[in-house]
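Shown here: protein_30.csv, CSV, C-alpha atoms.
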chain,number,residue,atom,x,y,z
A,34,MET,CA,10.1,0.5,-7.3
A,35,ASN,CA,7.4,-2.0,-6.4
A,36,ALA,CA,3.8,-0.9,-7.1
A,37,PRO,CA,1.9,-0.6,-3.8
A,38,ARG,CA,-0.7,-3.3,-3.0
A,39,LEU,CA,-4.2,-1.9,-3.2
A,40,SER,CA,-7.4,-3.1,-1.7
A,41,HIS,CA,-10.1,-4.2,-4.2
A,42,SER,CA,-12.1,-1.0,-3.8
A,43,ALA,CA,-9.0,1.2,-4.1
A,44,ALA,CA,-8.0,-0.6,-7.2
A,45,LEU,CA,-11.4,-0.2,-8.6
A,46,ILE,CA,-11.4,3.5,-7.9
A,47,LEU,CA,-7.9,3.9,-9.5
A,48,LYS,CA,-9.1,1.9,-12.5
A,49,ALA,CA,-12.1,4.2,-12.9
A,50,LEU,CA,-9.8,7.3,-12.6
A,51,SER,CA,-7.4,5.9,-15.2
A,52,LEU,CA,-10.3,5.3,-17.6
A,53,GLY,CA,-11.2,9.0,-17.5
A,54,TYR,CA,-13.8,9.3,-14.7
A,55,SER,CA,-12.3,12.2,-12.8
A,56,PHE,CA,-14.9,13.4,-10.4
A,57,GLY,CA,-15.9,11.8,-7.1
A,58,LEU,CA,-19.6,11.5,-8.1
A,59,ASP,CA,-18.7,9.9,-11.5
A,60,VAL,CA,-16.4,7.4,-9.7
A,61,MET,CA,-19.2,6.5,-7.3
A,62,GLU,CA,-21.6,6.1,-10.2
A,63,VAL,CA,-19.4,3.9,-12.3
A,64,THR,CA,-18.0,1.7,-9.6
A,65,GLY,CA,-21.2,1.4,-7.5
A,66,LEU,CA,-19.2,2.1,-4.4
A,67,PRO,CA,-20.8,4.3,-1.6
A,68,SER,CA,-19.4,7.8,-1.0
A,69,GLY,CA,-18.1,6.7,2.4
A,70,THR,CA,-15.7,4.4,0.6
A,71,VAL,CA,-14.9,6.5,-2.5
A,72,TYR,CA,-13.9,9.9,-0.9
A,73,PRO,CA,-11.6,8.5,1.9
A,74,ALA,CA,-10.1,6.2,-0.7
A,75,LEU,CA,-9.4,9.2,-3.0
A,76,ARG,CA,-7.7,10.9,0.0
A,77,ARG,CA,-5.5,7.9,0.6
A,78,LEU,CA,-4.6,7.5,-3.0
A,79,GLU,CA,-3.7,11.2,-3.1
A,80,ARG,CA,-1.6,10.9,0.1
A,81,ASP,CA,0.2,7.9,-1.5
A,82,ARG,CA,0.8,10.1,-4.6
A,83,LEU,CA,-1.0,7.7,-6.9
A,84,VAL,CA,-3.5,10.4,-7.9
A,85,GLU,CA,-3.4,14.2,-7.7
A,86,SER,CA,-6.3,16.6,-7.4
A,87,LYS,CA,-6.8,19.9,-9.2
A,88,TRP,CA,-9.6,22.5,-9.3
A,89,GLU,CA,-11.5,23.2,-12.5
A,90,PRO,CA,-10.8,26.7,-13.8
A,91,GLU,CA,-13.3,29.1,-12.2
A,92,GLU,CA,-14.1,30.8,-15.5
A,93,GLU,CA,-15.1,27.5,-17.1
A,94,ALA,CA,-17.4,26.6,-14.2
A,95,ALA,CA,-18.9,30.1,-14.0
A,96,ALA,CA,-19.7,30.0,-17.8
A,97,LYS,CA,-21.7,26.9,-17.1
A,98,GLN,CA,-23.3,28.5,-14.0
A,99,ARG,CA,-22.1,25.9,-11.6
A,100,PRO,CA,-19.5,25.7,-8.9
A,101,ALA,CA,-15.9,24.6,-9.8
A,102,ARG,CA,-15.2,21.0,-8.9
A,103,ARG,CA,-12.3,19.2,-7.7
A,104,TYR,CA,-11.1,16.6,-10.1
A,105,TYR,CA,-8.6,13.7,-9.9
A,106,GLU,CA,-5.9,12.6,-12.2
A,107,VAL,CA,-3.8,9.5,-12.0
A,108,THR,CA,0.0,10.1,-11.7
A,109,ARG,CA,2.7,8.0,-13.3
A,110,ALA,CA,3.1,5.9,-10.2
A,111,GLY,CA,-0.7,5.6,-10.1
A,112,LYS,CA,-0.8,4.2,-13.7
A,113,ALA,CA,1.8,1.6,-12.7
A,114,ALA,CA,-0.3,0.7,-9.6
A,115,ALA,CA,-3.4,0.5,-11.7
A,116,LEU,CA,-1.7,-1.9,-14.1
A,117,ALA,CA,-0.4,-4.0,-11.3
A,118,ALA,CA,-3.9,-4.0,-9.8
A,119,THR,CA,-5.4,-5.2,-13.1
A,120,GLU,CA,-3.0,-8.1,-13.1
A,121,ARG,CA,-3.8,-8.9,-9.5
A,122,TYR,CA,-7.6,-8.6,-10.0
A,123,PRO,CA,-8.2,-9.7,-13.6
A,124,LEU,CA,-11.9,-9.0,-13.5
A,125,LEU,CA,-11.3,-5.4,-12.6
A,126,ALA,CA,-11.1,-4.3,-16.3
A,127,ARG,CA,-14.5,-5.8,-17.0
A,128,LEU,CA,-16.1,-4.0,-14.0
A,129,VAL,CA,-15.5,-0.5,-15.2
A,130,ALA,CA,-16.3,0.6,-18.8
A,131,GLU,CA,-14.1,3.2,-20.5
A,132,LYS,CA,-15.5,6.7,-20.5
A,133,ARG,CA,-16.9,7.8,-23.8
B,276,MET,CA,-21.5,31.9,-7.2
B,277,ARG,CA,-23.0,31.3,-3.7
B,278,THR,CA,-23.0,27.5,-3.6
B,279,GLU,CA,-23.8,27.0,0.1
B,280,THR,CA,-27.0,28.9,0.1
B,281,ALA,CA,-28.2,26.9,-2.9
B,282,LEU,CA,-28.0,23.7,-0.9
B,283,PRO,CA,-30.9,22.2,1.2
B,284,ARG,CA,-30.9,23.1,4.9
B,285,PHE,CA,-30.0,19.6,6.0
B,286,ASP,CA,-26.8,19.6,3.9
B,287,ARG,CA,-25.8,23.0,5.1
B,288,SER,CA,-26.2,22.0,8.7
B,289,LEU,CA,-24.3,18.8,8.1
B,290,LEU,CA,-21.5,20.6,6.3
B,291,ARG,CA,-21.2,23.1,9.2
B,292,ALA,CA,-21.2,20.3,11.8
B,293,ALA,CA,-18.7,18.1,9.9
B,294,ALA,CA,-16.4,21.1,9.2
B,295,ARG,CA,-15.7,21.2,12.9
B,296,ILE,CA,-14.1,17.7,12.7
B,297,VAL,CA,-11.8,18.7,9.9
B,298,PRO,CA,-8.4,20.2,10.9
B,299,ALA,CA,-8.4,24.0,10.6
B,300,SER,CA,-5.7,24.1,8.0
B,301,GLU,CA,-7.7,21.9,5.6
B,302,ARG,CA,-11.2,23.2,6.4
B,303,GLY,CA,-11.5,25.8,3.7
B,304,GLU,CA,-10.5,23.4,0.9
B,305,TRP,CA,-12.7,20.6,2.3
B,306,ARG,CA,-15.7,22.9,2.5
B,307,ARG,CA,-15.3,24.1,-1.0
B,308,THR,CA,-14.9,20.5,-2.3
B,309,TRP,CA,-18.0,19.3,-0.5
B,310,GLN,CA,-20.2,22.3,-1.4
B,311,ALA,CA,-19.4,21.6,-5.0
B,312,GLU,CA,-20.0,17.9,-4.8
B,313,LEU,CA,-23.3,18.4,-3.0
B,314,TRP,CA,-24.4,21.0,-5.4
B,315,HIS,CA,-23.7,18.7,-8.4
B,316,ALA,CA,-25.3,15.7,-6.7
B,317,HIS,CA,-28.5,17.7,-6.2
B,318,HIS,CA,-28.5,19.2,-9.6
B,319,ARG,CA,-28.2,15.8,-11.2
B,320,GLY,CA,-31.6,15.1,-9.8
B,321,ARG,CA,-30.8,11.5,-8.8
B,322,ARG,CA,-32.8,10.3,-5.9
B,323,GLY,CA,-30.6,9.0,-3.0
B,324,ASP,CA,-27.4,10.7,-4.1
B,325,GLY,CA,-27.7,13.5,-1.5
B,326,LEU,CA,-28.2,11.0,1.3
B,327,ASP,CA,-25.3,8.9,0.3
B,328,LEU,CA,-23.0,11.9,-0.1
B,329,SER,CA,-23.8,12.8,3.5
B,330,ALA,CA,-22.2,9.6,4.7
B,331,GLY,CA,-19.2,10.3,2.5
B,332,LEU,CA,-18.9,13.8,3.8
B,333,VAL,CA,-18.8,12.7,7.4
B,334,ARG,CA,-16.3,9.9,6.7
B,335,ASP,CA,-14.1,12.2,4.7
B,336,ALA,CA,-14.0,14.7,7.6
B,337,LEU,CA,-13.2,11.9,10.0
B,338,TRP,CA,-10.5,10.6,7.7
B,339,LEU,CA,-8.9,14.0,7.5
B,340,ARG,CA,-9.0,14.3,11.3
B,341,GLY,CA,-7.6,10.8,11.7
B,342,ASP,CA,-4.8,11.5,9.2
B,343,SER,CA,-3.9,14.7,11.0
B,344,TRP,CA,-3.6,12.8,14.3
B,345,ARG,CA,-1.6,10.1,12.6
B,346,ARG,CA,0.9,12.7,11.2
B,347,MET,CA,1.0,14.5,14.6
B,348,PHE,CA,1.6,11.5,16.8
B,349,SER,CA,3.2,8.9,14.5
B,350,GLY,CA,6.5,7.9,15.9
B,351,THR,CA,6.4,10.4,18.8
B,352,PRO,CA,7.7,9.5,22.3
B,353,THR,CA,4.2,10.3,23.6
B,354,LEU,CA,2.6,7.7,21.4
B,355,CYS,CA,5.3,5.2,22.5
B,356,LEU,CA,4.7,5.7,26.2
B,357,ALA,CA,1.0,5.9,25.8
B,358,SER,CA,1.0,2.6,23.9
B,359,LEU,CA,3.0,0.9,26.6
B,360,ALA,CA,0.8,2.3,29.3
B,361,GLY,CA,-2.3,1.2,27.3
B,362,LEU,CA,-0.8,-2.3,27.0
B,363,CYS,CA,-0.2,-2.4,30.7
B,364,MET,CA,-3.8,-1.5,31.3
B,365,VAL,CA,-5.0,-4.3,29.0
B,366,ALA,CA,-2.7,-6.8,30.7
B,367,MET,CA,-4.0,-5.7,34.1
B,368,LEU,CA,-7.6,-6.2,32.8
B,369,PHE,CA,-6.7,-9.7,31.7
B,370,ALA,CA,-5.3,-10.4,35.1
B,371,LEU,CA,-8.5,-9.1,36.7
B,372,ALA,CA,-10.6,-11.3,34.4
B,373,PHE,CA,-8.5,-14.4,35.3
B,374,ALA,CA,-8.7,-13.7,39.1
B,375,GLY,CA,-12.4,-12.8,39.1
B,376,SER,CA,-12.2,-9.8,41.5
B,377,TRP,CA,-9.7,-7.2,42.6
B,378,ARG,CA,-9.8,-8.7,46.2
B,379,GLU,CA,-8.6,-12.0,44.8
B,380,LEU,CA,-6.0,-10.4,42.6
B,381,SER,CA,-4.4,-7.8,44.8
B,382,PRO,CA,-2.7,-10.1,47.4
B,383,HIS,CA,-1.4,-12.4,44.7
B,384,LEU,CA,-0.1,-9.4,42.6
B,385,ALA,CA,1.4,-7.7,45.6
B,386,GLU,CA,3.4,-10.8,46.5
B,387,GLN,CA,4.6,-11.2,42.9
B,388,PHE,CA,5.4,-7.5,42.7
B,389,ARG,CA,7.9,-7.8,45.6
B,390,ARG,CA,9.7,-10.6,43.6
B,391,PHE,CA,9.6,-8.4,40.6
B,392,LEU,CA,11.3,-5.6,42.5
B,393,VAL,CA,14.2,-7.9,43.2
B,394,ALA,CA,14.3,-9.6,39.8
B,395,ALA,CA,13.9,-6.4,37.7
B,396,PRO,CA,17.3,-4.7,38.6
B,397,LEU,CA,19.1,-8.0,38.0
B,398,VAL,CA,17.5,-8.3,34.5
B,399,VAL,CA,18.3,-4.7,33.7
B,400,PHE,CA,21.9,-5.3,34.8
B,401,VAL,CA,22.2,-8.4,32.6
B,402,ALA,CA,20.6,-6.7,29.7
B,403,PHE,CA,22.9,-3.7,30.0
B,404,ALA,CA,26.0,-5.9,30.4
B,405,THR,CA,25.2,-8.2,27.5
B,406,GLY,CA,23.3,-5.9,25.1
B,407,SER,CA,25.2,-4.9,21.9
B,408,ARG,CA,24.4,-1.3,21.7
B,409,ARG,CA,25.9,1.0,19.1
B,410,TYR,CA,27.9,3.9,20.1
B,411,VAL,CA,26.6,7.0,18.3
B,412,GLU,CA,28.8,10.0,17.8
B,413,SER,CA,26.5,12.9,18.4
B,414,SER,CA,26.7,16.5,17.5
B,415,THR,CA,24.1,17.3,20.2
B,416,ALA,CA,26.5,15.9,22.8
B,417,GLY,CA,27.0,19.3,24.5
B,418,ARG,CA,23.4,20.0,25.0
B,419,LYS,CA,22.4,19.0,28.5
B,420,LEU,CA,18.7,19.5,28.3
B,421,LEU,CA,18.4,17.3,25.2
B,422,ARG,CA,20.4,14.6,26.8
B,423,ILE,CA,18.4,14.7,30.0
B,424,ARG,CA,15.1,14.5,28.0
B,425,ARG,CA,16.4,11.6,26.0
B,426,GLN,CA,17.5,9.7,29.1
B,427,MET,CA,14.2,10.4,31.0
B,428,PHE,CA,12.3,9.0,28.0
B,429,PHE,CA,14.5,5.9,28.1
B,430,VAL,CA,14.0,5.4,31.8
B,431,VAL,CA,10.2,5.8,31.6
B,432,LYS,CA,10.0,3.6,28.5
B,433,THR,CA,12.2,0.9,30.2
B,434,ALA,CA,10.1,1.0,33.4
B,435,LEU,CA,6.9,0.7,31.5
B,436,ALA,CA,8.3,-2.2,29.4
B,437,LEU,CA,9.3,-4.0,32.6
B,438,LEU,CA,5.9,-3.4,34.2
B,439,LEU,CA,4.3,-4.8,31.0
B,440,CYS,CA,6.5,-7.9,31.1
B,441,PHE,CA,5.6,-8.4,34.8
B,442,LEU,CA,1.9,-8.1,34.1
B,443,LEU,CA,2.1,-10.4,31.0
B,444,SER,CA,4.0,-13.0,33.0
B,445,ALA,CA,1.3,-12.8,35.8
B,446,ASP,CA,-1.4,-13.2,33.1
B,447,VAL,CA,0.2,-16.4,31.8
B,448,CYS,CA,0.6,-17.9,35.3
B,449,LEU,CA,-2.6,-16.8,37.0
B,450,PRO,CA,-4.8,-19.6,35.6
B,451,ILE,CA,-2.6,-22.3,37.0
B,452,SER,CA,-1.6,-20.5,40.3
B,453,LEU,CA,-4.6,-21.9,42.3
B,454,ARG,CA,-3.9,-25.6,41.4
B,455,PHE,CA,-0.1,-25.5,41.2
B,456,PRO,CA,1.1,-22.5,43.2
B,457,ASN,CA,4.8,-23.5,43.3
B,458,THR,CA,5.0,-24.2,39.6
B,459,ALA,CA,3.2,-21.0,38.8
B,460,GLU,CA,5.7,-19.0,40.8
B,461,LEU,CA,8.6,-20.6,39.1
B,462,LEU,CA,7.0,-20.2,35.7
B,463,GLN,CA,6.2,-16.6,36.4
B,464,ILE,CA,9.9,-15.8,37.2
B,465,PHE,CA,11.0,-17.6,34.1
B,466,PHE,CA,8.5,-15.9,31.8
B,467,PHE,CA,9.3,-12.5,33.4
B,468,VAL,CA,13.0,-12.9,32.8
B,469,VAL,CA,12.6,-14.0,29.2
B,470,LEU,CA,10.0,-11.3,28.4
B,471,ALA,CA,12.0,-8.6,30.2
B,472,LEU,CA,15.2,-9.4,28.3
B,473,VAL,CA,13.3,-9.2,25.0
B,474,GLY,CA,11.6,-6.0,26.2
B,475,LEU,CA,14.8,-4.4,27.2
B,476,ARG,CA,16.5,-5.3,23.9
B,477,TRP,CA,13.5,-3.6,22.1
B,478,ALA,CA,13.9,-0.5,24.4
B,479,PHE,CA,17.6,-0.2,23.5
B,480,ALA,CA,17.0,-0.7,19.7
B,481,ASP,CA,14.1,1.8,19.8
B,482,GLN,CA,16.2,4.4,21.6
B,483,GLU,CA,18.9,4.1,18.9
B,484,GLN,CA,16.3,4.6,16.2
B,485,ARG,CA,15.1,8.0,17.5
B,486,CYS,CA,15.9,11.5,16.6
B,487,GLU,CA,18.2,13.1,19.1
B,488,GLN,CA,16.2,16.3,19.2
B,489,CYS,CA,12.5,15.5,19.0
B,490,LEU,CA,12.7,11.8,20.0
B,491,ARG,CA,10.5,10.7,17.1
B,492,SER,CA,11.3,7.4,15.4
B,493,LEU,CA,13.6,7.8,12.4
B,494,ALA,CA,12.2,6.9,9.0
B,495,LEU,CA,13.1,6.6,5.4
B,496,PRO,CA,16.1,4.2,5.7
B,497,ALA,CA,18.3,4.5,2.6
B,498,ARG,CA,21.1,2.0,1.9
B,499,VAL,CA,24.5,3.5,1.0
B,500,GLY,CA,27.0,1.6,-1.1
B,501,ARG,CA,26.8,-1.8,-2.8
B,502,PRO,CA,25.9,-4.9,-0.7
B,503,SER,CA,28.7,-7.0,-2.3
B,504,HIS,CA,31.5,-4.5,-1.8
B,505,ASN,CA,31.7,-4.3,2.0
B,506,LEU,CA,35.3,-3.8,2.8
B,507,LEU,CA,36.7,-1.0,0.7
B,508,GLU,CA,33.5,0.8,-0.3
B,509,TRP,CA,31.2,3.0,1.6
B,510,ASN,CA,28.5,0.8,3.0
B,511,GLY,CA,25.8,1.5,5.5
B,512,THR,CA,22.3,2.8,6.1
B,513,GLU,CA,21.1,6.3,6.6
B,514,GLN,CA,17.9,7.1,8.4
B,515,ARG,CA,16.3,10.5,8.6
B,516,CYS,CA,14.2,12.3,11.1
B,517,GLY,CA,10.8,13.0,9.5
B,518,GLN,CA,10.8,16.5,10.9
B,519,GLY,CA,14.2,17.2,9.3
B,520,HIS,CA,16.2,17.5,12.5
B,521,GLY,CA,19.0,15.2,11.5
B,522,LEU,CA,20.4,12.1,9.9
B,523,LEU,CA,21.7,8.8,11.5
B,524,SER,CA,24.5,7.2,9.5
B,525,VAL,CA,25.1,3.6,10.5
B,526,PRO,CA,28.1,1.8,8.9
B,527,GLU,CA,27.6,-1.8,7.8
B,528,MET,CA,30.9,-2.7,9.4
B,529,GLU,CA,32.7,-0.5,11.8
B,530,SER,CA,35.7,-0.4,9.5
B,531,SER,CA,34.1,0.9,6.3
B,532,TRP,CA,32.7,4.3,5.6
B,533,ARG,CA,32.6,5.4,9.2
B,534,GLN,CA,34.3,4.2,12.4
B,535,ARG,CA,31.0,4.5,14.3
B,536,SER,CA,27.4,5.4,13.9
B,537,GLN,CA,27.0,9.1,13.6
B,538,TRP,CA,24.1,11.5,14.2
B,539,VAL,CA,24.4,14.4,11.8
B,540,GLU,CA,22.3,17.4,12.9
B,541,LEU,CA,20.6,19.2,10.0
B,542,GLU,CA,18.6,21.7,11.9
B,543,PRO,CA,19.8,23.0,15.2
B,544,ALA,CA,17.6,22.5,18.2
B,545,GLY,CA,15.5,25.3,19.5
B,546,VAL,CA,16.3,24.5,23.1

Is it possible to give me this structure as structure tokens?
Amino acid sequence: MNAPRLSHSAALILKALSLGYSFGLDVMEVTGLPSGTVYPALRRLERDRLVESKWEPEEEAAAKQRPARRYYEVTRAGKAAALAATERYPLLARLVAEKR
Amino acid sequence: MRTETALPRFDRSLLRAAARIVPASERGEWRRTWQAELWHAHHRGRRGDGLDLSAGLVRDALWLRGDSWRRMFSGTPTLCLASLAGLCMVAMLFALAFAGSWRELSPHLAEQFRRFLVAAPLVVFVAFATGSRRYVESSTAGRKLLRIRRQMFFVVKTALALLLCFLLSADVCLPISLRFPNTAELLQIFFFVVLALVGLRWAFADQEQRCEQCLRSLALPARVGRPSHNLLEWNGTEQRCGQGHGLLSVPEMESSWRQRSQWVELEPAGV
């Protein structure tokens, strides 16, 4: 199956997710993209099954006295798409640093 | 933990207002997501984060509404007819722009329309006589209501397609009609016939590619068999209704796999 062609911002978001940034705010921070781009793009990536979202366990969040957050994970198809996007946009890898 | 009450008043109001845009089935999840995101943005203490998230929140709600409409109307007969009617309106506006005023346009259009009423049945006859339409064996053949609905859709679609072709041909010829009226008339008939033949072919093809029950466009074409083994193997394409009503099997050649195209009903109609 061919990897879907992604826009530059979608590729950047997918790259950030594949490097371990899993929350919307973190993705915004590391990519420098505005929320109006990041959140709809996350929805599109989820609809295209390149990422999937899950909820943090309630107990974990309650222990830290904060609300549970929705986090995003790259699927197998998403990993292939991220790889294809890196080949298409070679500078992408340099734009996002790996999460420590 | 009461997240919403911990948010600033502006965010709470925005959240409530934008929640109205989100489809009801997704509203709870959306609200929970954004309450958490806003809470975290404010507790990071970064200036500007809250404001920027407000834009994201509204665009996310709009995206969900747009996507729900896309899912609801994508491939539906309503969308098809509305698109054709919309294109007719646009073509009419172009004609109005070329003519300058409705008073200038209406006598010209009325005269052309009389010719259209003569030419259109002839073009329809030729298109029916020469068009290579597939015969589809149908399991819904006995259901009168479905058949009538299907035919009514086809008639309205064809009428709108013909009207669009007429208006487009008028748009093309209007700029030259003042200086070369005879040439413009001939050209308009020529353009109308060509466009109408193409339009009718599209209408036939589109009708074949629709679900027999809900009239939505069929999707997910899957090839059956191997391309280089045409004669003795099963070869063809299967297309499915997105709503799960049925399956259209189209043989590559009408001698392999099936004699004819066949509509296989997966879920009986509720009519």

Expected answer as a ChimeraX atom specification: chain A residues within 6 Å of chain B, only C-alpha atoms: /A:68-69,73,100,102

Top pick for closest residue to Gly65 (chain A), considering A:Leu116, A:Leu39, A:Leu124, A:Val129 and counting all atoms listed in the file: A:Val129

What's the 8 Å shell around Val71 (chain A), counting only C-alpha atoms, without same-chain residues fewer than 6 positions away, as an NGL selection string? (:A and (46 or 57 or 60-61)) or (:B and (331))

For Arg109 (chain A), which of A:Val63, A:Leu83, A:Leu128, A:Leu45 is the closest residue, counting only C-alpha atoms?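 Smallest distance to Arg109 (chain A) is found for A:Leu83.
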
The residue from A:Ala113, A:Tyr72, A:Ala96, A:Leu78 with the smallest atom-to-atom distance to Asp59 (chain A), counting all atoms listed in the file, is A:Tyr72

Using only C-alpha atoms, pick whichever of B:Gln488, B:Ser300, B:Ser376, B:Ser444 has the shortest atom-to-atom distance to Arg422 (chain B).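 The shortest atom-to-atom distance to Arg422 (chain B) comes from B:Gln488.
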
Please provide as a VMD selection string all residues within 10 Å of region 86-88 of chain A, with the sequence filter that same-chain residues fewer than 4 positions apart are discarded (counting all atoms listed in the file). (chain A and resid 55 to 56 75 to 76 79 101 to 107) or (chain B and resid 308)

Write out as an MDAnalysis selection string the residues lying within 12 Å of Ala357 (chain B), counting only C-alpha atoms and excluding same-chain residues fewer than 4 positions away. chainID B and resid 348:353 361:364 428 431:432 435:436

CA of Met347 (chain B) to CA of Arg38 (chain A), distance in Å rounded to a single decimal: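 Calculated distance between CA of Met347 (chain B) and CA of Arg38 (chain A) is 25.1 Å.
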
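Take CA of Met367 (chain B) and CA of Leu397 (chain B): the distance between them is 23.5 Å.
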
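For region 387-390 of chain B, the set of protein, DNA and RNA residues having any atom at most 9 Å away, when counting only C-alpha atoms and skipping those fewer than 2 positions along the same chain, is Pro382, His383, Leu384, Ala385, Leu392, Val393, Ala394, Ala395, Phe441, Ala445, Glu460, Gln463 and Ile464 of chain B.
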
Atoms kept (C-alpha atoms) for selection, written as a PDB file, in the frame of the given file:
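Done, and the output landed in part_33.pdb:
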ATOM      1  CA  PRO B 382      -2.700 -10.100  47.400  1.00  0.00           C
ATOM      2  CA  HIS B 383      -1.400 -12.400  44.700  1.00  0.00           C
ATOM      3  CA  LEU B 384      -0.100  -9.400  42.600  1.00  0.00           C
ATOM      4  CA  ALA B 385       1.400  -7.700  45.600  1.00  0.00           C
ATOM      5  CA  LEU B 392      11.300  -5.600  42.500  1.00  0.00           C
ATOM      6  CA  VAL B 393      14.200  -7.900  43.200  1.00  0.00           C
ATOM      7  CA  ALA B 394      14.300  -9.600  39.800  1.00  0.00           C
ATOM      8  CA  ALA B 395      13.900  -6.400  37.700  1.00  0.00           C
ATOM      9  CA  PHE B 441       5.600  -8.400  34.800  1.00  0.00           C
ATOM     10  CA  ALA B 445       1.300 -12.800  35.800  1.00  0.00           C
ATOM     11  CA  GLU B 460       5.700 -19.000  40.800  1.00  0.00           C
ATOM     12  CA  GLN B 463       6.200 -16.600  36.400  1.00  0.00           C
ATOM     13  CA  ILE B 464       9.900 -15.800  37.200  1.00  0.00           C
TER      14      ILE B 464
END

Separation of CA of Leu522 (chain B) from CA of Asn510 (chain B) in Å: 15.5 Å

Can you take region 72-104 of chain A from the block and write C-alpha atoms as a PDB file, in the first residue's frame?
ATOM      1  CA  TYR A  72      -5.777  20.126  16.421  1.00  0.00           C
ATOM      2  CA  PRO A  73      -7.677  19.812  13.105  1.00  0.00           C
ATOM      3  CA  ALA A  74      -4.584  18.102  11.636  1.00  0.00           C
ATOM      4  CA  LEU A  75      -4.596  15.617  14.519  1.00  0.00           C
ATOM      5  CA  ARG A  76      -8.267  14.889  13.761  1.00  0.00           C
ATOM      6  CA  ARG A  77      -7.468  14.309  10.083  1.00  0.00           C
ATOM      7  CA  LEU A  78      -4.537  12.045  10.923  1.00  0.00           C
ATOM      8  CA  GLU A  79      -6.771  10.081  13.289  1.00  0.00           C
ATOM      9  CA  ARG A  80      -9.514   9.807  10.651  1.00  0.00           C
ATOM     10  CA  ASP A  81      -6.929   8.499   8.171  1.00  0.00           C
ATOM     11  CA  ARG A  82      -5.782   6.004  10.827  1.00  0.00           C
ATOM     12  CA  LEU A  83      -2.244   7.324  10.897  1.00  0.00           C
ATOM     13  CA  VAL A  84      -2.557   8.109  14.595  1.00  0.00           C
ATOM     14  CA  GLU A  85      -4.843   6.899  17.339  1.00  0.00           C
ATOM     15  CA  SER A  86      -5.843   8.719  20.479  1.00  0.00           C
ATOM     16  CA  LYS A  87      -6.244   7.358  23.978  1.00  0.00           C
ATOM     17  CA  TRP A  88      -7.062   8.789  27.361  1.00  0.00           C
ATOM     18  CA  GLU A  89      -4.580   8.894  30.186  1.00  0.00           C
ATOM     19  CA  PRO A  90      -5.681   6.630  33.051  1.00  0.00           C
ATOM     20  CA  GLU A  91      -7.864   8.658  35.449  1.00  0.00           C
ATOM     21  CA  GLU A  92      -6.006   7.368  38.530  1.00  0.00           C
ATOM     22  CA  GLU A  93      -2.673   8.528  37.164  1.00  0.00           C
ATOM     23  CA  ALA A  94      -4.019  12.009  36.459  1.00  0.00           C
ATOM     24  CA  ALA A  95      -5.868  12.215  39.788  1.00  0.00           C
ATOM     25  CA  ALA A  96      -2.674  11.302  41.647  1.00  0.00           C
ATOM     26  CA  LYS A  97      -0.992  14.315  40.029  1.00  0.00           C
ATOM     27  CA  GLN A  98      -4.061  16.470  40.762  1.00  0.00           C
ATOM     28  CA  ARG A  99      -4.753  17.346  37.160  1.00  0.00           C
ATOM     29  CA  PRO A 100      -7.374  16.328  34.586  1.00  0.00           C
ATOM     30  CA  ALA A 101      -6.673  13.313  32.373  1.00  0.00           C
ATOM     31  CA  ARG A 102      -5.457  14.241  28.924  1.00  0.00           C
ATOM     32  CA  ARG A 103      -5.972  12.814  25.532  1.00  0.00           C
ATOM     33  CA  TYR A 104      -2.748  11.606  24.001  1.00  0.00           C
TER      34      TYR A 104
END
